[in-house]
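The next block is start.txt, given as compact mmCIF, C-alpha atoms.
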```
# COMPACT_ATOMS: atom_id res chain seq x y z
CA MET A 1472 -3.47 28.58 6.77
CA GLU A 1473 -2.97 25.36 8.72
CA THR A 1474 -6.02 23.44 9.85
CA PRO A 1475 -6.22 23.18 13.66
CA VAL A 1476 -5.81 19.72 15.11
CA ALA A 1477 -9.18 18.16 15.81
CA SER A 1478 -10.06 17.32 19.38
CA GLN A 1479 -10.05 13.57 18.69
CA VAL A 1480 -6.28 13.68 18.16
CA SER A 1481 -4.43 13.87 21.47
CA GLN A 1482 -1.06 15.48 22.10
CA GLU A 1483 0.22 12.07 23.16
CA GLN A 1484 -0.78 10.60 19.80
CA LEU A 1485 0.92 13.44 17.96
CA ALA A 1486 4.08 13.06 20.03
CA ALA A 1487 4.20 9.31 19.37
CA ALA A 1488 3.72 9.87 15.63
CA GLU A 1489 6.49 12.50 15.62
CA ASP A 1490 8.89 10.14 17.41
CA GLN A 1491 8.20 7.27 15.00
CA LEU A 1492 8.65 9.54 11.99
CA ARG A 1493 11.92 10.99 13.29
CA GLU A 1494 13.36 7.50 13.81
CA ALA A 1495 12.23 6.38 10.34
CA LEU A 1496 13.72 9.46 8.66
CA ASP A 1497 17.03 8.91 10.43
CA ASP A 1498 17.09 5.22 9.46
CA ALA A 1499 16.35 6.03 5.81
CA ARG A 1500 18.71 9.07 5.77
CA ILE A 1501 16.10 11.27 4.12
CA GLU A 1502 13.96 14.34 4.62
CA VAL A 1503 10.33 14.53 3.49
CA ARG A 1504 8.90 17.83 2.28
CA ILE A 1505 5.57 18.97 0.89
CA ILE A 1506 5.70 19.60 -2.90
CA GLU A 1507 4.49 23.07 -3.83
CA SER A 1508 6.65 24.44 -6.66
CA ALA A 1509 6.14 23.74 -10.35
CA GLN A 1510 9.71 22.41 -10.67
CA GLU A 1511 9.34 19.91 -7.84
CA ALA A 1512 5.96 18.86 -9.26
CA ALA A 1513 7.62 18.18 -12.63
CA ASP A 1514 10.43 16.24 -10.96
CA ALA A 1515 7.93 14.22 -8.94
CA SER A 1516 5.90 13.36 -12.03
CA LEU A 1517 9.03 12.13 -13.84
CA LEU A 1518 10.05 10.05 -10.81
CA LEU A 1519 6.70 8.25 -10.74
CA ASP A 1520 6.91 7.60 -14.48
CA GLU A 1521 10.36 6.09 -13.94
CA VAL A 1522 9.16 3.85 -11.11
CA TRP A 1523 6.19 2.62 -13.15
CA ASN A 1524 8.25 2.32 -16.33
CA VAL A 1525 6.04 4.63 -18.37
CA THR A 1526 7.58 4.94 -21.83
CA GLY A 1527 6.23 6.23 -25.12
CA SER A 1528 2.61 5.27 -24.42
CA GLY A 1529 1.30 8.80 -24.15
CA THR A 1530 0.38 8.23 -20.53
CA THR A 1531 1.81 9.41 -17.23
CA VAL A 1532 1.20 8.34 -13.65
CA LEU A 1533 0.41 11.85 -12.41
CA GLU A 1534 0.65 15.05 -14.45
CA PRO A 1535 2.67 17.93 -12.90
CA SER A 1536 -0.39 20.17 -13.20
CA LEU A 1537 -2.37 17.76 -11.04
CA PHE A 1538 0.36 17.88 -8.38
CA ILE A 1539 0.01 21.66 -8.32
CA ALA A 1540 -3.79 21.53 -8.23
CA LEU A 1541 -3.80 19.04 -5.35
CA ALA A 1542 -1.21 21.02 -3.43
CA HIS A 1543 -3.07 24.30 -3.96
CA ALA A 1544 -6.26 22.65 -2.65
CA ARG A 1545 -4.26 21.71 0.46
CA ASN A 1546 -4.19 17.99 -0.22
CA TYR A 1547 -1.09 15.91 0.52
CA THR A 1548 1.74 15.98 -2.03
CA ALA A 1549 5.18 15.12 -0.68
CA ALA A 1550 8.60 13.91 -1.74
CA ALA A 1551 11.54 12.26 0.01
CA PHE A 1552 15.02 13.70 -0.51
CA ASP A 1553 18.40 12.14 0.26
CA ARG A 1554 20.05 14.00 3.13
CA ASP A 1555 23.48 13.98 1.53
CA SER A 1556 22.85 14.55 -2.17
CA GLY A 1557 19.47 16.27 -2.05
CA GLN A 1558 18.22 13.92 -4.80
CA MET A 1559 14.48 13.23 -4.88
CA LEU A 1560 14.09 9.54 -4.06
CA GLY A 1561 10.38 9.04 -3.46
CA VAL A 1562 6.97 10.61 -3.94
CA THR A 1563 3.60 10.11 -2.29
CA VAL A 1564 0.24 11.77 -2.96
CA GLY A 1565 -3.09 11.63 -1.14
CA PHE A 1566 -6.36 13.50 -1.25
CA PHE A 1567 -9.20 14.07 1.18
CA ALA A 1568 -11.92 11.41 1.07
CA ALA A 1569 -15.30 10.60 2.58
CA PRO A 1570 -16.22 10.89 5.37
CA VAL A 1571 -15.21 14.51 4.80
CA GLY A 1572 -12.99 15.94 7.49
CA THR A 1573 -11.80 12.63 8.92
CA SER A 1574 -10.36 10.58 6.05
CA MET A 1575 -7.61 10.70 3.43
CA HIS A 1576 -7.10 8.35 0.47
CA SER A 1577 -3.42 7.72 -0.28
CA HIS A 1578 -3.46 7.42 -4.05
CA VAL A 1579 0.12 6.72 -5.07
CA ALA A 1580 3.58 6.24 -3.57
CA GLY A 1581 6.79 5.31 -5.34
CA VAL A 1582 10.51 5.01 -4.58
CA ARG A 1583 13.36 5.00 -7.10
CA HIS A 1584 14.44 1.43 -7.80
CA GLU A 1585 18.02 2.00 -6.66
CA ALA A 1586 16.78 3.35 -3.30
CA VAL A 1587 14.37 0.51 -2.48
CA GLY A 1588 15.29 -1.23 0.78
CA ARG A 1589 16.31 1.87 2.71
CA GLY A 1590 12.94 2.25 4.45
CA ILE A 1591 11.95 5.28 2.39
CA GLY A 1592 8.42 4.02 1.74
CA ALA A 1593 7.82 3.47 5.45
CA ALA A 1594 9.15 6.91 6.32
CA MET A 1595 6.93 8.57 3.72
CA LYS A 1596 3.88 6.74 5.07
CA LEU A 1597 4.68 7.86 8.62
CA HIS A 1598 5.15 11.45 7.39
CA GLN A 1599 1.76 11.24 5.73
CA ARG A 1600 0.22 9.91 8.95
CA LEU A 1601 1.65 12.78 11.02
CA TRP A 1602 0.50 15.34 8.45
CA CYS A 1603 -3.00 13.84 8.61
CA LEU A 1604 -3.12 13.89 12.41
CA GLU A 1605 -1.95 17.51 12.45
CA HIS A 1606 -4.92 18.31 10.20
CA GLY A 1607 -7.44 16.34 12.24
CA ILE A 1608 -7.54 13.40 9.83
CA THR A 1609 -7.74 10.11 11.74
CA ARG A 1610 -8.31 7.56 8.97
CA MET A 1611 -6.31 6.70 5.86
CA THR A 1612 -7.25 4.35 3.04
CA TRP A 1613 -5.39 3.07 0.00
CA THR A 1614 -5.24 0.15 -2.40
CA PHE A 1615 -2.47 -2.28 -3.27
CA ASP A 1616 -1.98 -5.28 -5.51
CA PRO A 1617 -2.75 -8.36 -3.37
CA LEU A 1618 -0.11 -10.38 -5.24
CA ILE A 1619 2.79 -8.21 -4.07
CA ALA A 1620 3.91 -9.95 -0.89
CA ARG A 1621 6.23 -7.23 0.42
CA ASN A 1622 3.46 -4.63 0.22
CA ALA A 1623 0.99 -6.94 1.95
CA HIS A 1624 3.44 -7.57 4.79
CA PHE A 1625 4.20 -3.87 5.22
CA ASN A 1626 0.58 -2.71 5.09
CA LEU A 1627 -0.98 -5.45 7.20
CA ALA A 1628 1.74 -6.74 9.51
CA ARG A 1629 3.84 -3.62 10.08
CA LEU A 1630 1.34 -0.76 9.88
CA GLY A 1631 -1.63 -2.72 11.16
CA ALA A 1632 -4.01 -1.56 8.41
CA SER A 1633 -7.18 -3.60 7.88
CA LEU A 1634 -7.95 -5.24 4.54
CA VAL A 1635 -11.65 -4.52 4.05
CA GLU A 1636 -12.47 -5.04 0.34
CA TYR A 1637 -11.30 -6.93 -2.74
CA HIS A 1638 -11.86 -5.31 -6.16
CA ALA A 1639 -11.40 -7.26 -9.39
CA ASP A 1640 -9.74 -5.21 -12.17
CA PHE A 1641 -10.17 -2.06 -10.08
CA TYR A 1642 -8.52 0.39 -12.51
CA GLY A 1643 -9.31 -1.50 -15.72
CA GLN A 1644 -6.47 -1.99 -18.19
CA MET A 1645 -3.37 -0.03 -17.21
CA ARG A 1646 -0.68 1.01 -19.70
CA ASP A 1647 2.41 1.43 -17.55
CA GLY A 1648 5.29 -1.00 -17.71
CA VAL A 1649 4.53 -2.54 -14.33
CA ASN A 1650 0.83 -3.33 -14.83
CA ALA A 1651 0.37 -3.63 -18.60
CA GLY A 1652 -1.14 -6.93 -19.70
CA GLN A 1653 -2.35 -7.84 -16.21
CA ALA A 1654 -5.73 -7.34 -14.58
CA SER A 1655 -5.56 -4.50 -12.06
CA ASP A 1656 -7.05 -6.32 -9.06
CA ARG A 1657 -6.63 -4.35 -5.84
CA VAL A 1658 -7.41 -4.77 -2.16
CA PHE A 1659 -8.68 -1.77 -0.22
CA VAL A 1660 -7.21 -1.15 3.22
CA ASP A 1661 -8.23 1.11 6.08
CA TRP A 1662 -5.75 2.43 8.68
CA ASP A 1663 -6.80 3.94 12.00
CA LEU A 1664 -4.14 6.65 12.44
CA THR A 1665 -4.82 7.06 16.16
CA ALA A 1666 -4.24 3.38 16.98
CA ALA A 1667 -0.89 2.25 18.32
CA PRO A 1668 0.91 -0.26 16.08
CA SER A 1669 -0.13 -3.75 17.11
CA PRO A 1670 0.67 -7.27 16.02
CA SER A 1671 -1.64 -9.11 13.66
CA LEU A 1672 -4.84 -10.45 15.14
CA THR A 1673 -3.76 -13.93 14.07
CA ASP A 1674 -0.39 -15.43 14.98
CA PRO A 1675 1.59 -15.69 11.69
CA ASP A 1676 2.75 -19.14 12.81
CA ALA A 1677 -0.78 -20.39 13.46
CA GLU A 1678 -1.76 -23.62 11.75
CA ALA A 1679 -4.03 -22.83 8.81
CA VAL A 1680 -6.11 -24.72 6.27
CA ALA A 1681 -5.04 -23.67 2.77
CA ALA A 1682 -7.58 -22.23 0.36
CA VAL A 1683 -4.77 -21.59 -2.13
CA ARG A 1684 -1.29 -23.04 -1.84
CA ILE A 1685 1.80 -23.19 -4.01
CA ASP A 1686 2.36 -26.64 -5.50
CA ASP A 1687 5.72 -28.19 -6.34
CA ASP A 1688 5.65 -26.58 -9.82
CA GLY A 1689 5.01 -23.08 -8.46
CA ARG A 1690 1.39 -23.11 -9.59
CA PRO A 1691 -1.63 -22.26 -7.42
CA GLN A 1692 -3.57 -25.20 -6.03
CA GLU A 1693 -7.13 -24.24 -5.08
CA LEU A 1694 -8.76 -26.19 -2.25
CA ASP A 1695 -12.10 -26.28 -0.50
CA VAL A 1696 -11.94 -25.26 3.14
CA PRO A 1697 -14.38 -26.19 5.91
CA ARG A 1698 -16.24 -23.22 7.36
CA GLU A 1699 -15.41 -24.43 10.86
CA ALA A 1700 -11.67 -24.11 10.22
CA PRO A 1701 -10.19 -21.66 12.73
CA VAL A 1702 -7.71 -20.14 10.25
CA VAL A 1703 -7.56 -20.26 6.46
CA SER A 1704 -4.57 -19.24 4.31
CA ILE A 1705 -4.18 -17.87 0.79
CA GLU A 1706 -0.58 -18.35 -0.32
CA ILE A 1707 0.98 -16.11 -2.97
CA PRO A 1708 4.38 -16.17 -4.73
CA SER A 1709 7.16 -14.40 -2.87
CA ASP A 1710 8.18 -12.35 -5.93
CA MET A 1711 5.27 -11.76 -8.28
CA GLU A 1712 7.03 -8.83 -9.95
CA THR A 1713 9.76 -11.10 -11.29
CA LEU A 1714 7.25 -13.80 -12.23
CA ARG A 1715 5.31 -11.32 -14.38
CA GLY A 1716 8.42 -10.76 -16.45
CA THR A 1717 9.51 -14.39 -16.74
CA ASP A 1718 6.12 -16.13 -17.05
CA PRO A 1719 3.20 -13.73 -17.57
CA GLN A 1720 0.80 -16.61 -18.27
CA LEU A 1721 1.51 -18.18 -14.88
CA ALA A 1722 1.20 -14.76 -13.27
CA ALA A 1723 -2.28 -14.46 -14.80
CA VAL A 1724 -3.21 -17.91 -13.45
CA TRP A 1725 -2.17 -16.76 -9.98
CA ARG A 1726 -4.27 -13.61 -10.37
CA GLU A 1727 -7.39 -15.63 -11.14
CA ALA A 1728 -6.85 -18.17 -8.36
CA VAL A 1729 -6.22 -15.55 -5.67
CA ARG A 1730 -9.18 -13.50 -6.91
CA ARG A 1731 -11.53 -16.49 -6.66
CA ALA A 1732 -10.34 -17.32 -3.15
CA PHE A 1733 -10.69 -13.79 -1.83
CA VAL A 1734 -14.07 -13.13 -3.42
CA GLU A 1735 -15.58 -16.42 -2.26
CA LEU A 1736 -14.16 -16.33 1.26
CA MET A 1737 -15.00 -12.69 1.92
CA ALA A 1738 -18.53 -13.22 0.57
CA ASP A 1739 -18.86 -15.97 3.18
CA GLY A 1740 -17.78 -13.63 5.97
CA TRP A 1741 -14.09 -14.48 6.27
CA GLN A 1742 -11.83 -11.56 7.21
CA VAL A 1743 -8.10 -11.08 6.70
CA SER A 1744 -6.51 -11.06 10.15
CA GLY A 1745 -2.83 -11.57 9.44
CA PHE A 1746 -0.06 -12.08 6.91
CA ARG A 1747 2.94 -14.38 6.89
CA ARG A 1748 6.12 -12.75 5.68
CA SER A 1749 6.79 -15.88 3.60
CA GLY A 1750 3.74 -14.97 1.54
CA ALA A 1751 0.33 -16.00 2.88
CA TYR A 1752 -2.80 -14.14 3.91
CA LEU A 1753 -4.47 -15.50 7.03
CA LEU A 1754 -8.24 -15.30 7.35
CA THR A 1755 -10.59 -16.01 10.24
CA HIS A 1756 -14.36 -16.21 10.54
CA PRO A 1757 -15.91 -14.13 13.34
```
Show me this structure written as structure tokens.
Amino acid sequence: METPVASQVSQEQLAAAEDQLREALDDARIEVRIIESAQEAADASLLLDEVWNVTGSGTTVLEPSLFIALAHARNYTAAAFDRDSGQMLGVTVGFFAAPVGTSMHSHVAGVRHEAVGRGIGAAMKLHQRLWCLEHGITRMTWTFDPLIARNAHFNLARLGASLVEYHADFYGQMRDGVNAGQASDRVFVDWDLTAAPSPSLTDPDAEAVAAVRIDDDGRPQELDVPREAPVVSIEIPSDMETLRGTDPQLAAVWREAVRRAFVELMADGWQVSGFRRSGAYLLTHP
């Protein structure tokens, strides 16, 4: 049985979400469907293990049985399929969160490496938003690694989600091929699903005082910033994923520097209000 749309979601908001999803699906040349069968759950589990390079460690990103349990409990389990070949190209999973009845936490989303760049991740997120609105859910939260610039730009600049918390080593030590050997710091974001997409609160080209910047050797330079500065920036490498493979020690140095900057600035009341595509968080003090 489908949950009726709550009164706080208007027909205009639903129509706008449908239009944005349709355009994104066409651009990515995919369809997104809810996962319900045991076979699709198994395929989805294997896809996530491939994306996160899980091999021989006795671990998996998400067991097929958990897909089935979440789906049966009417949570969100979906996959993206290529329109021409029918191949599963992406998976995303979310579950209901507090406050009950109004919020969903988007736990994991992954796209096959060879399909990255087609807009599949964006289309899956817009499908998840529409599904939430149709079920009366008006708020979505999730976490992402603050050192991954492309994710920061998508979440903050494109979707307009708000970065509200920084968590050091959020998941503890992780054993997949992407995160192994690195602290699992995450930022927590909150997305108002009824709000129209809007530009960042801070102009990405605004002059900013650097709290962390990249020096000539590619290392983080940590600086003191005056509290009266109108805008502060935290720069990050443009491709942390490659850096982890080529220089894991430097990647760890970046983790510590960015963590210190976020924790200290947010404790002092600074809030993330924008992101430069080149790789810099922008913070302002209310």
- Message: Within 12 Å of (7.3, -11.2, -14.4) (file coordinates; only C-alpha atoms), which protein or nucleic acid residues are there? I'd like them as a list in words.
- Response: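 In the file's frame, the residues around the point are Leu1618, Ile1619, Gly1648, Val1649, Asn1650, Ala1651, Gly1652, Gln1653, Pro1708, Ser1709, Asp1710, Met1711, Glu1712, Thr1713, Leu1714, Arg1715, Gly1716, Thr1717, Asp1718, Pro1719, Gln1720, Leu1721, Ala1722, Ala1723 and Trp1725 of chain A.
Atom to atom, CA of Leu1736 in chain A and CA of Leu1754 in chain A stand 8.6 Å apart.
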- Task: Taking (-5.5, -16.2, 13.5) in the file's own coordinates, collect the residues within 9 Å, counting only C-alpha atoms, and hand them back as a PyMOL selection string.
- Result: chain A and resi 1671-1679+1701-1703+1743-1745+1753-1755
- Query: Asp1520 in chain A: which residues within 10 Å, counting only C-alpha atoms, same-chain residues fewer than 3 positions away excluded, as a PyMOL selection string?
  - Reply: chain A and resi 1514-1517+1523-1526+1530-1534+1581+1647-1648
- Task: Take CA of His1543 in chain A and CA of Gln1482 in chain A and report the distance between them in Å, one decimal.
- Result: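 Computing the Euclidean distance for CA of His1543 in chain A and CA of Gln1482 in chain A yields 27.6 Å.
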